[in-house]
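Here is the file model_9.cif (mmCIF, C-alpha atoms).
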```cif
data_start
#
loop_
_atom_site.label_atom_id
_atom_site.label_comp_id
_atom_site.auth_asym_id
_atom_site.auth_seq_id
_atom_site.Cartn_x
_atom_site.Cartn_y
_atom_site.Cartn_z
CA MET A 1 20.24 33.33 6.51
CA GLU A 2 20.66 30.32 4.26
CA ARG A 3 19.90 26.97 5.89
CA GLN A 4 22.90 24.66 6.21
CA MET A 5 22.62 21.16 4.79
CA THR A 6 22.50 18.34 7.31
CA GLU A 7 25.07 15.57 7.24
CA LEU A 8 22.44 13.19 5.90
CA GLU A 9 21.55 15.60 3.09
CA ARG A 10 25.23 15.86 2.13
CA LYS A 11 25.48 12.09 2.01
CA GLU A 12 22.33 11.99 -0.13
CA ASN A 13 23.87 14.43 -2.61
CA ASN A 14 27.03 12.31 -2.83
CA VAL A 15 24.98 9.22 -3.63
CA LYS A 16 23.00 11.13 -6.26
CA GLU A 17 26.26 12.09 -7.96
CA LYS A 18 27.37 8.44 -7.97
CA ILE A 19 24.05 7.36 -9.47
CA GLN A 20 24.38 9.92 -12.25
CA ARG A 21 27.92 8.68 -12.98
CA VAL A 22 26.57 5.13 -13.32
CA ILE A 23 23.87 6.35 -15.69
CA ARG A 24 26.40 8.21 -17.83
CA ALA A 25 28.60 5.09 -17.94
CA ASN A 26 25.66 3.10 -19.29
CA GLU A 27 24.35 5.54 -21.88
CA PRO A 28 22.57 5.34 -24.26
CA ARG A 29 20.85 2.34 -22.68
CA PHE A 30 19.67 4.31 -19.63
CA LYS A 31 18.35 7.83 -19.21
CA PHE A 32 17.93 9.84 -16.03
CA GLU A 33 14.45 11.24 -15.36
CA LYS A 34 14.12 12.52 -11.77
CA PHE A 35 14.90 11.88 -8.11
CA LEU A 36 12.18 10.82 -5.66
CA GLY A 37 11.85 10.77 -1.90
CA ASP A 38 14.01 12.36 0.75
CA ALA A 39 17.18 11.65 2.68
CA ASP A 40 15.36 10.01 5.60
CA ASN A 41 14.18 7.18 3.36
CA GLY A 42 17.29 6.87 1.21
CA VAL A 43 17.61 7.87 -2.40
CA ALA A 44 15.31 6.86 -5.25
CA VAL A 45 15.65 7.82 -8.88
CA VAL A 46 13.29 7.33 -11.82
CA MET A 47 15.14 6.11 -14.90
CA ARG A 48 14.28 4.92 -18.39
CA GLU A 49 15.74 1.93 -20.20
CA VAL A 50 15.85 2.04 -23.99
CA LEU A 51 14.80 -1.40 -25.20
CA GLY A 52 15.90 -3.16 -28.37
CA ASP A 53 12.65 -2.43 -30.22
CA GLY A 54 13.01 1.30 -29.65
CA LYS A 55 10.49 1.34 -26.81
CA GLU A 56 11.32 2.47 -23.29
CA ARG A 57 10.44 1.26 -19.83
CA ARG A 58 10.62 3.35 -16.70
CA PHE A 59 11.84 1.96 -13.40
CA VAL A 60 13.05 3.15 -10.01
CA LEU A 61 16.49 2.56 -8.54
CA LYS A 62 16.60 2.85 -4.75
CA THR A 63 19.62 2.92 -2.46
CA VAL A 64 20.74 4.42 0.84
CA ALA A 65 22.12 7.85 1.66
CA ASP A 66 23.67 6.66 4.92
CA PRO A 67 24.68 2.96 4.81
CA GLU A 68 25.27 2.78 8.56
CA GLN A 69 21.78 4.07 9.42
CA GLN A 70 19.69 2.86 6.48
CA SER A 71 21.21 -0.35 5.12
CA SER A 72 19.27 -2.68 7.42
CA MET A 73 15.94 -1.16 6.34
CA LEU A 74 16.78 -1.40 2.65
CA GLU A 75 18.00 -4.97 3.06
CA ALA A 76 14.65 -5.79 4.73
CA GLU A 77 12.86 -4.25 1.75
CA ILE A 78 14.86 -6.32 -0.69
CA LYS A 79 14.11 -9.48 1.28
CA TYR A 80 10.35 -8.93 1.48
CA LEU A 81 9.94 -7.69 -2.08
CA HIS A 82 11.63 -10.86 -3.30
CA GLN A 83 9.39 -12.98 -1.11
CA LEU A 84 6.28 -11.16 -2.40
CA ARG A 85 7.39 -10.78 -6.01
CA TYR A 86 4.37 -12.58 -7.52
CA ALA A 87 1.71 -10.56 -5.64
CA ALA A 88 -0.40 -8.30 -7.86
CA HIS A 89 -0.94 -5.58 -5.22
CA ILE A 90 2.66 -5.31 -4.05
CA CYS A 91 5.32 -3.41 -5.98
CA ARG A 92 7.68 -5.60 -7.98
CA THR A 93 11.41 -5.58 -8.40
CA VAL A 94 12.82 -5.61 -11.95
CA SER A 95 16.01 -7.14 -13.29
CA PHE A 96 18.35 -6.34 -16.16
CA GLY A 97 20.61 -8.33 -18.42
CA GLY A 98 24.33 -7.66 -18.62
CA ASN A 99 24.76 -6.43 -15.02
CA PRO A 100 24.64 -2.71 -15.91
CA TRP A 101 25.09 -1.76 -12.25
CA TYR A 102 28.55 -3.25 -11.76
CA LEU A 103 29.94 0.22 -11.03
CA PHE A 104 27.26 0.74 -8.43
CA ASN A 105 27.36 -2.66 -6.79
CA VAL A 106 30.32 -1.96 -4.52
CA PRO A 107 29.40 -1.71 -0.82
CA TRP A 108 32.06 0.85 0.13
CA LYS A 109 30.73 3.12 -2.60
CA THR A 110 27.03 3.12 -1.88
CA GLY A 111 25.56 0.28 0.15
CA PRO A 112 22.65 -1.98 -0.81
CA PHE A 113 20.31 -1.09 -3.66
CA TYR A 114 17.53 -2.54 -5.78
CA THR A 115 15.49 -1.68 -8.85
CA MET A 116 11.68 -1.79 -8.91
CA GLU A 117 8.83 -1.13 -11.31
CA TYR A 118 7.74 2.45 -11.86
CA ILE A 119 4.16 2.91 -10.63
CA PRO A 120 2.86 5.79 -12.71
CA PHE A 121 -0.09 7.55 -11.09
CA GLY A 122 1.13 8.78 -7.72
CA THR A 123 0.24 7.92 -4.15
CA LEU A 124 -3.11 7.43 -2.49
CA GLU A 125 -2.32 10.46 -0.33
CA GLN A 126 -1.77 12.69 -3.37
CA PHE A 127 -5.02 11.49 -4.92
CA TYR A 128 -7.36 12.04 -1.99
CA LYS A 129 -5.83 15.42 -1.08
CA ARG A 130 -6.58 16.63 -4.62
CA VAL A 131 -10.15 15.39 -4.23
CA TRP A 132 -10.56 17.03 -0.81
CA LYS A 133 -9.07 20.30 -2.04
CA ASP A 134 -12.03 20.58 -4.42
CA ASN A 135 -14.44 19.82 -1.53
CA GLN A 136 -15.28 16.43 -3.02
CA VAL A 137 -15.63 13.10 -1.23
CA LEU A 138 -14.63 9.62 -2.34
CA PRO A 139 -17.71 7.68 -3.54
CA ASN A 140 -18.59 4.37 -1.94
CA ARG A 141 -17.44 2.47 -5.01
CA VAL A 142 -14.05 4.17 -4.93
CA LEU A 143 -13.68 3.44 -1.21
CA TRP A 144 -14.60 -0.21 -1.81
CA SER A 145 -12.02 -0.45 -4.61
CA ILE A 146 -9.29 1.05 -2.42
CA PHE A 147 -10.28 -1.22 0.48
CA LEU A 148 -10.10 -4.24 -1.84
CA CYS A 149 -6.53 -3.38 -2.87
CA VAL A 150 -5.45 -2.88 0.73
CA ILE A 151 -6.98 -6.21 1.78
CA ARG A 152 -5.46 -7.98 -1.23
CA SER A 153 -2.04 -6.70 -0.12
CA CYS A 154 -2.73 -8.03 3.41
CA ILE A 155 -3.64 -11.42 1.97
CA GLY A 156 -0.45 -11.35 -0.10
CA MET A 157 1.66 -10.68 2.98
CA ALA A 158 -0.02 -13.57 4.79
CA TYR A 159 0.05 -15.96 1.81
CA PRO A 160 2.72 -14.86 -0.69
CA PRO A 161 1.73 -16.10 -4.18
CA LYS A 162 4.01 -18.83 -5.45
CA GLY A 163 4.26 -17.78 -9.10
CA PRO A 164 5.75 -18.20 -11.57
CA ASP A 165 3.39 -15.48 -12.88
CA ILE A 166 1.95 -12.42 -11.17
CA GLU A 167 -1.37 -13.34 -9.61
CA LEU A 168 -4.17 -11.96 -7.47
CA GLU A 169 -3.62 -12.67 -3.82
CA ARG A 170 -5.87 -15.36 -2.32
CA VAL A 171 -6.19 -17.03 1.06
CA ARG A 172 -4.81 -20.56 1.17
CA PRO A 173 -6.43 -21.88 4.38
CA ASP A 174 -4.56 -25.19 4.29
CA GLU A 175 -1.21 -23.41 4.56
CA GLU A 176 0.44 -21.53 7.40
CA MET A 177 0.60 -17.75 7.23
CA SER A 178 3.98 -16.20 6.57
CA GLY A 179 3.39 -13.56 9.23
CA ILE A 180 4.71 -10.50 7.37
CA CYS A 181 3.61 -7.26 9.01
CA HIS A 182 4.21 -4.08 6.99
CA TYR A 183 4.15 -1.70 10.01
CA ASP A 184 4.01 1.37 7.75
CA MET A 185 0.68 1.14 5.93
CA LEU A 186 0.27 4.86 5.44
CA ASP A 187 -1.45 6.46 2.46
CA GLY A 188 1.90 7.62 1.08
CA ASN A 189 2.98 3.98 0.79
CA PHE A 190 0.20 2.97 -1.59
CA MET A 191 0.61 3.90 -5.25
CA PHE A 192 -1.76 3.71 -8.21
CA GLY A 193 -0.69 1.48 -11.05
CA ASP A 194 -1.83 1.40 -14.64
CA ILE A 195 -5.48 0.51 -15.15
CA ALA A 196 -4.36 -1.63 -18.09
CA GLY A 197 -1.66 -3.35 -16.08
CA GLY A 198 -2.38 -6.89 -17.21
CA PRO A 199 -4.92 -9.69 -16.99
CA GLU A 200 -4.98 -9.61 -13.18
CA TRP A 201 -6.74 -6.24 -13.28
CA VAL A 202 -9.47 -7.03 -15.80
CA GLN A 203 -12.34 -7.76 -13.43
CA GLU A 204 -11.36 -5.84 -10.32
CA HIS A 205 -10.06 -2.63 -11.87
CA ASP A 206 -11.97 -1.86 -15.02
CA LYS A 207 -13.07 1.54 -13.65
CA PHE A 208 -10.58 2.43 -10.90
CA PRO A 209 -6.80 1.80 -11.05
CA PRO A 210 -5.18 -0.74 -8.71
CA LEU A 211 -3.19 0.25 -5.65
CA LYS A 212 0.14 -1.35 -4.81
CA ILE A 213 1.87 -1.18 -1.47
CA ILE A 214 5.53 -0.08 -1.35
CA ASP A 215 8.28 0.53 1.22
CA PHE A 216 8.87 -2.57 3.33
CA GLY A 217 11.74 -1.05 5.28
CA ARG A 218 9.94 -1.36 8.62
CA ALA A 219 8.36 -4.75 7.93
CA ILE A 220 8.87 -7.71 10.23
CA GLU A 221 8.05 -11.40 9.96
CA ASP A 222 6.28 -13.15 12.81
CA PRO A 223 4.67 -16.45 11.77
CA GLU A 224 3.84 -17.46 15.36
CA LEU A 225 0.17 -18.16 16.09
CA TYR A 226 -1.50 -17.22 19.35
CA ALA A 227 -4.75 -17.45 21.29
CA VAL A 228 -5.22 -14.90 24.06
CA PRO A 229 -6.15 -16.79 27.24
CA PRO A 230 -9.57 -15.91 28.77
CA ASP A 231 -7.95 -14.53 31.95
CA GLU A 232 -6.30 -11.81 29.84
CA GLU A 233 -9.54 -10.51 28.34
CA ASP A 234 -9.74 -7.64 30.80
CA ILE A 235 -6.65 -6.01 29.29
CA TYR A 236 -8.86 -4.79 26.43
CA ASP A 237 -10.96 -1.65 26.70
CA ASP A 238 -14.66 -2.51 26.31
CA GLN A 239 -15.74 1.03 25.40
CA PHE A 240 -15.49 0.28 21.68
CA ASP A 241 -15.82 -3.45 21.00
CA VAL A 242 -18.58 -4.44 23.42
CA PRO A 243 -21.13 -1.65 22.77
CA LEU A 244 -20.78 -2.28 19.03
CA GLY A 245 -21.26 -6.03 19.41
CA LEU A 246 -17.89 -6.87 17.86
CA PRO A 247 -17.23 -9.93 20.07
CA ASN A 248 -20.28 -11.54 18.43
CA PHE A 249 -18.28 -11.84 15.22
CA ARG A 250 -15.25 -13.44 16.83
CA VAL A 251 -14.05 -16.72 15.36
CA GLU A 252 -12.33 -18.71 18.07
CA GLY A 253 -9.00 -20.35 17.37
CA LEU A 254 -5.41 -19.45 16.72
CA ARG A 255 -4.55 -16.13 15.12
CA ASN A 256 -1.47 -14.44 13.73
CA ARG A 257 -0.49 -11.16 15.39
CA ALA A 258 1.25 -9.76 12.32
CA ASN A 259 -1.91 -10.24 10.25
CA ASP A 260 -4.07 -8.71 12.99
CA ASP A 261 -1.83 -5.63 13.00
CA ASN A 262 -2.08 -5.31 9.22
CA ILE A 263 -5.89 -5.49 9.43
CA ARG A 264 -5.95 -2.80 12.13
CA ASP A 265 -3.74 -0.54 10.01
CA ALA A 266 -6.05 -1.11 7.04
CA GLY A 267 -8.92 0.11 9.22
CA VAL A 268 -7.03 3.24 10.23
CA LEU A 269 -6.27 3.99 6.60
CA MET A 270 -9.89 3.53 5.50
CA ALA A 271 -11.25 5.63 8.37
CA ARG A 272 -8.94 8.43 7.27
CA LEU A 273 -10.32 8.26 3.73
CA VAL A 274 -13.89 8.35 5.04
CA SER A 275 -13.19 11.28 7.36
CA GLY A 276 -12.05 13.74 4.72
CA LYS A 277 -9.19 14.84 6.95
CA THR A 278 -5.68 13.75 7.80
CA PHE A 279 -5.08 12.01 11.12
CA ILE A 280 -1.88 12.47 13.04
CA GLY A 281 0.16 9.41 12.14
CA SER A 282 -1.68 6.14 12.72
CA ASP A 283 -4.03 7.49 15.36
CA GLU A 284 -6.31 4.57 16.18
CA ALA A 285 -8.40 6.60 18.64
CA GLN A 286 -9.18 9.20 15.98
CA ALA A 287 -9.97 6.48 13.47
CA ARG A 288 -12.42 4.79 15.86
CA ALA A 289 -14.12 8.06 16.80
CA THR A 290 -14.49 8.97 13.12
CA ILE A 291 -15.87 5.75 11.74
CA VAL A 292 -18.61 5.33 14.39
CA ASN A 293 -19.84 8.90 13.83
CA LYS A 294 -22.65 8.48 11.32
CA ALA A 295 -22.82 12.25 10.84
CA ILE A 296 -19.51 11.86 9.01
CA ARG A 297 -20.41 10.57 5.57
CA PRO A 298 -24.07 9.66 6.22
CA ASP A 299 -24.11 8.25 2.67
CA LEU A 300 -21.49 5.64 3.56
CA GLU A 301 -22.76 2.10 3.04
CA TYR A 302 -23.51 0.25 6.24
CA ASP A 303 -21.49 -2.81 5.20
CA LEU A 304 -18.45 -0.69 4.43
CA ARG A 305 -18.62 1.31 7.65
CA PHE A 306 -19.12 -1.77 9.82
CA MET A 307 -16.30 -3.73 8.19
CA ILE A 308 -13.94 -0.80 8.85
CA ILE A 309 -15.21 -0.67 12.45
CA ARG A 310 -14.43 -4.36 12.85
CA CYS A 311 -10.90 -3.85 11.49
CA LEU A 312 -10.41 -1.26 14.25
CA ALA A 313 -11.52 -3.55 17.08
CA VAL A 314 -9.41 -2.97 20.18
CA ASP A 315 -9.26 -6.70 20.92
CA PRO A 316 -7.53 -8.22 17.88
CA ARG A 317 -9.62 -11.38 18.22
CA ASN A 318 -12.64 -9.32 17.18
CA ARG A 319 -11.12 -8.22 13.88
CA PRO A 320 -12.15 -9.97 10.64
CA GLN A 321 -10.13 -12.96 9.54
CA LEU A 322 -8.73 -13.11 6.02
CA GLU A 323 -11.02 -16.02 5.16
CA GLU A 324 -14.03 -13.75 5.70
CA PHE A 325 -12.52 -11.08 3.48
CA GLN A 326 -11.90 -13.71 0.81
CA THR A 327 -15.59 -14.66 0.91
CA TRP A 328 -16.59 -11.01 0.49
CA ILE A 329 -14.21 -10.70 -2.46
CA ASP A 330 -15.54 -13.86 -4.10
CA ASN A 331 -19.14 -12.68 -3.62
CA GLY A 332 -18.45 -9.35 -5.31
CA VAL A 333 -19.08 -7.15 -2.28
CA PHE A 334 -16.03 -5.00 -3.05
CA ASN A 335 -17.12 -4.55 -6.68
CA ARG A 336 -20.77 -3.61 -6.55
CA PRO A 337 -21.98 -2.22 -9.89
CA ALA A 338 -23.42 1.24 -10.40
CA ASP A 339 -27.02 0.02 -10.49
CA HIS A 340 -26.66 -1.22 -6.90
CA TYR A 341 -26.79 2.44 -5.85
CA GLY A 342 -30.05 3.38 -7.55
CA PRO A 343 -30.25 7.01 -8.73
CA ALA A 344 -26.77 7.74 -7.29
CA GLY A 345 -25.36 5.23 -9.76
CA GLN A 346 -27.02 6.75 -12.81
CA GLY A 347 -26.00 9.62 -15.12
CA SER A 348 -23.89 12.12 -13.23
CA GLY A 349 -24.68 10.59 -9.83
CA PRO A 350 -21.67 10.17 -7.50
CA GLU A 351 -21.61 6.36 -7.84
CA SER A 352 -22.01 6.21 -11.63
CA ASP A 353 -19.35 4.86 -13.96
CA GLU A 354 -19.22 8.27 -15.61
CA SER A 355 -18.53 10.12 -12.35
CA ILE A 356 -15.85 7.67 -11.24
CA GLN A 357 -14.09 7.81 -14.60
CA ARG A 358 -14.19 11.60 -14.44
CA MET A 359 -12.70 11.57 -10.93
CA VAL A 360 -9.90 9.24 -12.05
CA GLN A 361 -9.14 11.42 -15.06
CA MET A 362 -9.18 14.72 -13.19
CA TYR A 363 -7.47 13.85 -9.91
CA MET A 364 -5.16 11.04 -10.97
CA LEU A 365 -4.36 10.73 -14.66
CA ASN A 366 -4.28 14.45 -15.48
CA ALA A 367 -2.33 15.21 -12.31
CA ALA A 368 0.33 12.51 -12.82
CA GLU A 369 3.80 13.90 -13.33
#
```
Hey, can you dump this file as structure tokens for me?
Amino acid sequence: MERQMTELERKENNVKEKIQRVIRANEPRFKFEKFLGDADNGVAVVMREVLGDGKERRFVLKTVADPEQQSSMLEAEIKYLHQLRYAAHICRTVSFGGNPWYLFNVPWKTGPFYTMEYIPFGTLEQFYKRVWKDNQVLPNRVLWSIFLCVIRSCIGMAYPPKGPDIELERVRPDEEMSGICHYDMLDGNFMFGDIAGGPEWVQEHDKFPPLKIIDFGRAIEDPELYAVPPDEEDIYDDQFDVPLGLPNFRVEGLRNRANDDNIRDAGVLMARLVSGKTFIGSDEAQARATIVNKAIRPDLEYDLRFMIIRCLAVDPRNRPQLEEFQTWIDNGVFNRPADHYGPAGQGSGPESDESIQRMVQMYMLNAAE
């Protein structure tokens, strides 16, 4: 028996037809390529713009399938992407001259929409599942590079770059944090950009492509600072933090809850990559159990494992502050060269430049649609 379409799927199809009508009305400037995503997250379409010099640029147009249910999330995305538009590790919106979307920009027809850069090499989830399918693991240097991108995006959400050019995200300790919490930092919401994406990638991504975070539909903004009073310490479980000595790394003072939540979610994501298996959702308990188990990835660098452990601290006051991450970035910890790993970094060893370039080619570039 053939499955009946849901009401949301019917609405999605109607919006897709409208998008295709807009494209046809603007030919030959624009060309349709493919649809992305699913009805739950709205409608996204990859398109190409024919430029005046005969070249083309690809971009993504995103809108809602159900304005009543999805408009608020898309409007939140538009707001945060504008606020973060100069951050190198956050996807960027794109604009067009001549208002080509005038047919589309009518609320009773479609609802809110925006256009963003096309990020070419798929999601982090797609990449690591291809690696795991071949019974491979992600080398330390690859894990460090991914971790760096995730932390850069956290820094960007706390301290949005001011522009006017795209720039690497940096902590600005003399300024207040913006307090943007993504609340959906899953591996499907990080995408690999072009390794030759511009001057901001030269030093940090000469071997492994940069990741950019997308999908701010569930994001919130909470700039309020807090300090948990001592009489509330007993609300935190001491089965994880205390035995591991995490309170010893605590920096007293005011903290931002949104940033602490982003750091925790970064830890969950990294523990999943270390584990070689998919957790159920953002399962913090699974992440903690995985990352402390040294039998899982015994080759994992101590510094990397312990920093992920600290991100997963139950008491948020025991998680690393962004200033500490910035120091690690500036000292090159996230970008250790191949010779740091001895024999493993030479020839066909797992940490060598050759092996990493081969992994990128096989599981990312060759697999890109």
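Each of A:Ala44, A:Lys212, A:Ile23, A:Arg170 was compared to Asp330 (chain A) using only C-alpha atoms, and A:Arg170 turns out to be the nearest.
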Matched chain/residue IDs from the PyMOL selection byres ((chain A and resi 268) around 7), as a PyMOL selection string: chain A and resi 264-267+269-272+282+284+287+312
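Shortest atom-to-atom contact with Asp174 (chain A) among A:Tyr159, A:Asp206, A:Met73, A:Lys277: A:Tyr159, counting only C-alpha atoms.
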Selected residue, from A:Arg250, A:Lys133, A:Arg24, A:Lys62, that lies nearest to Ala313 (chain A) when counting all atoms listed in the file: A:Arg250
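Residue nearest Arg319 (chain A), chosen from A:Val360, A:Ile155, A:Ala289, A:Ile263 and counting all atoms listed in the file: A:Ile263.
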Using all atoms listed in the file: which of A:Gly347, A:Gly217, A:Gly342, A:Pro320 has the shortest distance to Tyr183 (chain A):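 Distance minimum relative to Tyr183 (chain A) lands on A:Gly217.
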For the structure provided, state which residues fall under the PyMOL selection byres ((chain A and resi 222) around 7), and present them as a PDB file with C-alpha atoms, keeping the file's coordinate frame.
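Result file follows (selection17.pdb):
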```pdb
ATOM      1  CA  GLY A 179       3.390 -13.560   9.230  1.00  0.00           C
ATOM      2  CA  ILE A 180       4.710 -10.500   7.370  1.00  0.00           C
ATOM      3  CA  ILE A 220       8.870  -7.710  10.230  1.00  0.00           C
ATOM      4  CA  GLU A 221       8.050 -11.400   9.960  1.00  0.00           C
ATOM      5  CA  PRO A 223       4.670 -16.450  11.770  1.00  0.00           C
ATOM      6  CA  GLU A 224       3.840 -17.460  15.360  1.00  0.00           C
ATOM      7  CA  ALA A 258       1.250  -9.760  12.320  1.00  0.00           C
TER       8      ALA A 258
END
```
Expected answer as a PyMOL selection string: all residues with atoms within 12 Å of (3.6, -22.5, -4.3), only C-alpha atoms: chain A and resi 83-84+86+159-165+167+172+175
Selected residue of minimal separation from Arg152 (chain A) among A:Met47, A:Val292, A:Leu322, A:Val131, counting only C-alpha atoms: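 The closest residue to Arg152 (chain A) is A:Leu322.
Selection by the PyMOL selection byres ((chain A and resi 7-21) around 7) on the present file picks out Met5, Thr6, Val22, Ile23, Arg24, Ala25, Ala39, Val43, Ala65, Asp66 and Thr110 of chain A.
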Test item: residues at most 12 Å from Ile151 (chain A), all atoms listed in the file, excluding those fewer than 4 positions along its chain, as a PyMOL selection string: chain A and resi 88-90+144-147+155-158+168-171+185+210-213+259-260+262-267+269-270+307-308+311+320-326+328-329+334
Between CA of Thr327 (chain A) and CA of Gly245 (chain A), distance in Å (one decimal):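 Separation between CA of Thr327 (chain A) and CA of Gly245 (chain A): 21.2 Å.
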Computed interatomic separation between CA of Phe32 (chain A) and CA of Glu49 (chain A) (Å):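 The value is 9.2 Å.
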Atomic distance CA of Gly188 (chain A) - CA of Val45 (chain A), expressed in Å with one decimal: 17.0 Å
Contact residues around Asp184 (chain A) with only C-alpha atoms at 8 Å, ignoring same-chain residues under 5 positions, as a list of chain:residue names: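 Contacts, in chain order: A:Asn189, A:Asp215, A:Phe216, A:Arg218, A:Ala219.
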For Val46 (chain A): contacts at 10 Å, only C-alpha atoms, fewer than 4 positions along chain excluded, given as a ChimeraX atom specification: /A:31-36,58-62,115-118
Add whatever atoms are absent from region 319-334 of chain A to reach N, CA, C and O atoms, and provide the output as a PDB file, in the frame of the given file.
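Result file is rebuild-v6.pdb:
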```
ATOM      1  N   ARG A 319     -11.305  -8.719  15.242  1.00  0.00           N
ATOM      2  CA  ARG A 319     -11.120  -8.220  13.880  1.00  0.00           C
ATOM      3  C   ARG A 319     -11.435  -9.326  12.870  1.00  0.00           C
ATOM      4  O   ARG A 319     -11.317 -10.515  13.182  1.00  0.00           O
ATOM      5  N   PRO A 320     -11.826  -8.949  11.645  1.00  0.00           N
ATOM      6  CA  PRO A 320     -12.150  -9.970  10.640  1.00  0.00           C
ATOM      7  C   PRO A 320     -10.936 -10.827  10.312  1.00  0.00           C
ATOM      8  O   PRO A 320      -9.802 -10.345  10.315  1.00  0.00           O
ATOM      9  N   GLN A 321     -11.184 -12.079  10.016  1.00  0.00           N
ATOM     10  CA  GLN A 321     -10.130 -12.960   9.540  1.00  0.00           C
ATOM     11  C   GLN A 321     -10.053 -12.872   8.013  1.00  0.00           C
ATOM     12  O   GLN A 321     -11.026 -12.491   7.347  1.00  0.00           O
ATOM     13  N   LEU A 322      -8.916 -13.218   7.463  1.00  0.00           N
ATOM     14  CA  LEU A 322      -8.730 -13.110   6.020  1.00  0.00           C
ATOM     15  C   LEU A 322      -9.693 -14.013   5.253  1.00  0.00           C
ATOM     16  O   LEU A 322     -10.094 -13.689   4.134  1.00  0.00           O
ATOM     17  N   GLU A 323     -10.072 -15.137   5.830  1.00  0.00           N
ATOM     18  CA  GLU A 323     -11.020 -16.020   5.160  1.00  0.00           C
ATOM     19  C   GLU A 323     -12.358 -15.312   4.927  1.00  0.00           C
ATOM     20  O   GLU A 323     -13.006 -15.515   3.886  1.00  0.00           O
ATOM     21  N   GLU A 324     -12.782 -14.491   5.882  1.00  0.00           N
ATOM     22  CA  GLU A 324     -14.030 -13.750   5.700  1.00  0.00           C
ATOM     23  C   GLU A 324     -13.888 -12.721   4.590  1.00  0.00           C
ATOM     24  O   GLU A 324     -14.785 -12.553   3.755  1.00  0.00           O
ATOM     25  N   PHE A 325     -12.759 -12.030   4.574  1.00  0.00           N
ATOM     26  CA  PHE A 325     -12.520 -11.080   3.480  1.00  0.00           C
ATOM     27  C   PHE A 325     -12.536 -11.786   2.133  1.00  0.00           C
ATOM     28  O   PHE A 325     -13.069 -11.268   1.156  1.00  0.00           O
ATOM     29  N   GLN A 326     -11.934 -12.972   2.077  1.00  0.00           N
ATOM     30  CA  GLN A 326     -11.900 -13.710   0.810  1.00  0.00           C
ATOM     31  C   GLN A 326     -13.321 -14.039   0.344  1.00  0.00           C
ATOM     32  O   GLN A 326     -13.628 -13.964  -0.859  1.00  0.00           O
ATOM     33  N   THR A 327     -14.197 -14.389   1.272  1.00  0.00           N
ATOM     34  CA  THR A 327     -15.590 -14.660   0.910  1.00  0.00           C
ATOM     35  C   THR A 327     -16.265 -13.421   0.360  1.00  0.00           C
ATOM     36  O   THR A 327     -17.000 -13.482  -0.640  1.00  0.00           O
ATOM     37  N   TRP A 328     -16.019 -12.271   0.986  1.00  0.00           N
ATOM     38  CA  TRP A 328     -16.590 -11.010   0.490  1.00  0.00           C
ATOM     39  C   TRP A 328     -16.072 -10.703  -0.916  1.00  0.00           C
ATOM     40  O   TRP A 328     -16.828 -10.241  -1.778  1.00  0.00           O
ATOM     41  N   ILE A 329     -14.789 -10.936  -1.126  1.00  0.00           N
ATOM     42  CA  ILE A 329     -14.210 -10.700  -2.460  1.00  0.00           C
ATOM     43  C   ILE A 329     -14.886 -11.610  -3.484  1.00  0.00           C
ATOM     44  O   ILE A 329     -15.321 -11.159  -4.553  1.00  0.00           O
ATOM     45  N   ASP A 330     -14.976 -12.897  -3.157  1.00  0.00           N
ATOM     46  CA  ASP A 330     -15.540 -13.860  -4.100  1.00  0.00           C
ATOM     47  C   ASP A 330     -17.014 -13.584  -4.396  1.00  0.00           C
ATOM     48  O   ASP A 330     -17.508 -13.908  -5.478  1.00  0.00           O
ATOM     49  N   ASN A 331     -17.720 -12.987  -3.435  1.00  0.00           N
ATOM     50  CA  ASN A 331     -19.140 -12.680  -3.620  1.00  0.00           C
ATOM     51  C   ASN A 331     -19.378 -11.306  -4.243  1.00  0.00           C
ATOM     52  O   ASN A 331     -20.534 -10.873  -4.367  1.00  0.00           O
ATOM     53  N   GLY A 332     -18.307 -10.618  -4.605  1.00  0.00           N
ATOM     54  CA  GLY A 332     -18.450  -9.350  -5.310  1.00  0.00           C
ATOM     55  C   GLY A 332     -18.812  -8.160  -4.469  1.00  0.00           C
ATOM     56  O   GLY A 332     -19.209  -7.115  -5.013  1.00  0.00           O
ATOM     57  N   VAL A 333     -18.690  -8.267  -3.156  1.00  0.00           N
ATOM     58  CA  VAL A 333     -19.080  -7.150  -2.280  1.00  0.00           C
ATOM     59  C   VAL A 333     -18.220  -5.919  -2.551  1.00  0.00           C
ATOM     60  O   VAL A 333     -18.706  -4.786  -2.523  1.00  0.00           O
ATOM     61  N   PHE A 334     -16.933  -6.122  -2.831  1.00  0.00           N
ATOM     62  CA  PHE A 334     -16.030  -5.000  -3.050  1.00  0.00           C
ATOM     63  C   PHE A 334     -16.198  -4.377  -4.438  1.00  0.00           C
ATOM     64  O   PHE A 334     -15.609  -3.337  -4.711  1.00  0.00           O
TER      65      PHE A 334
END
```
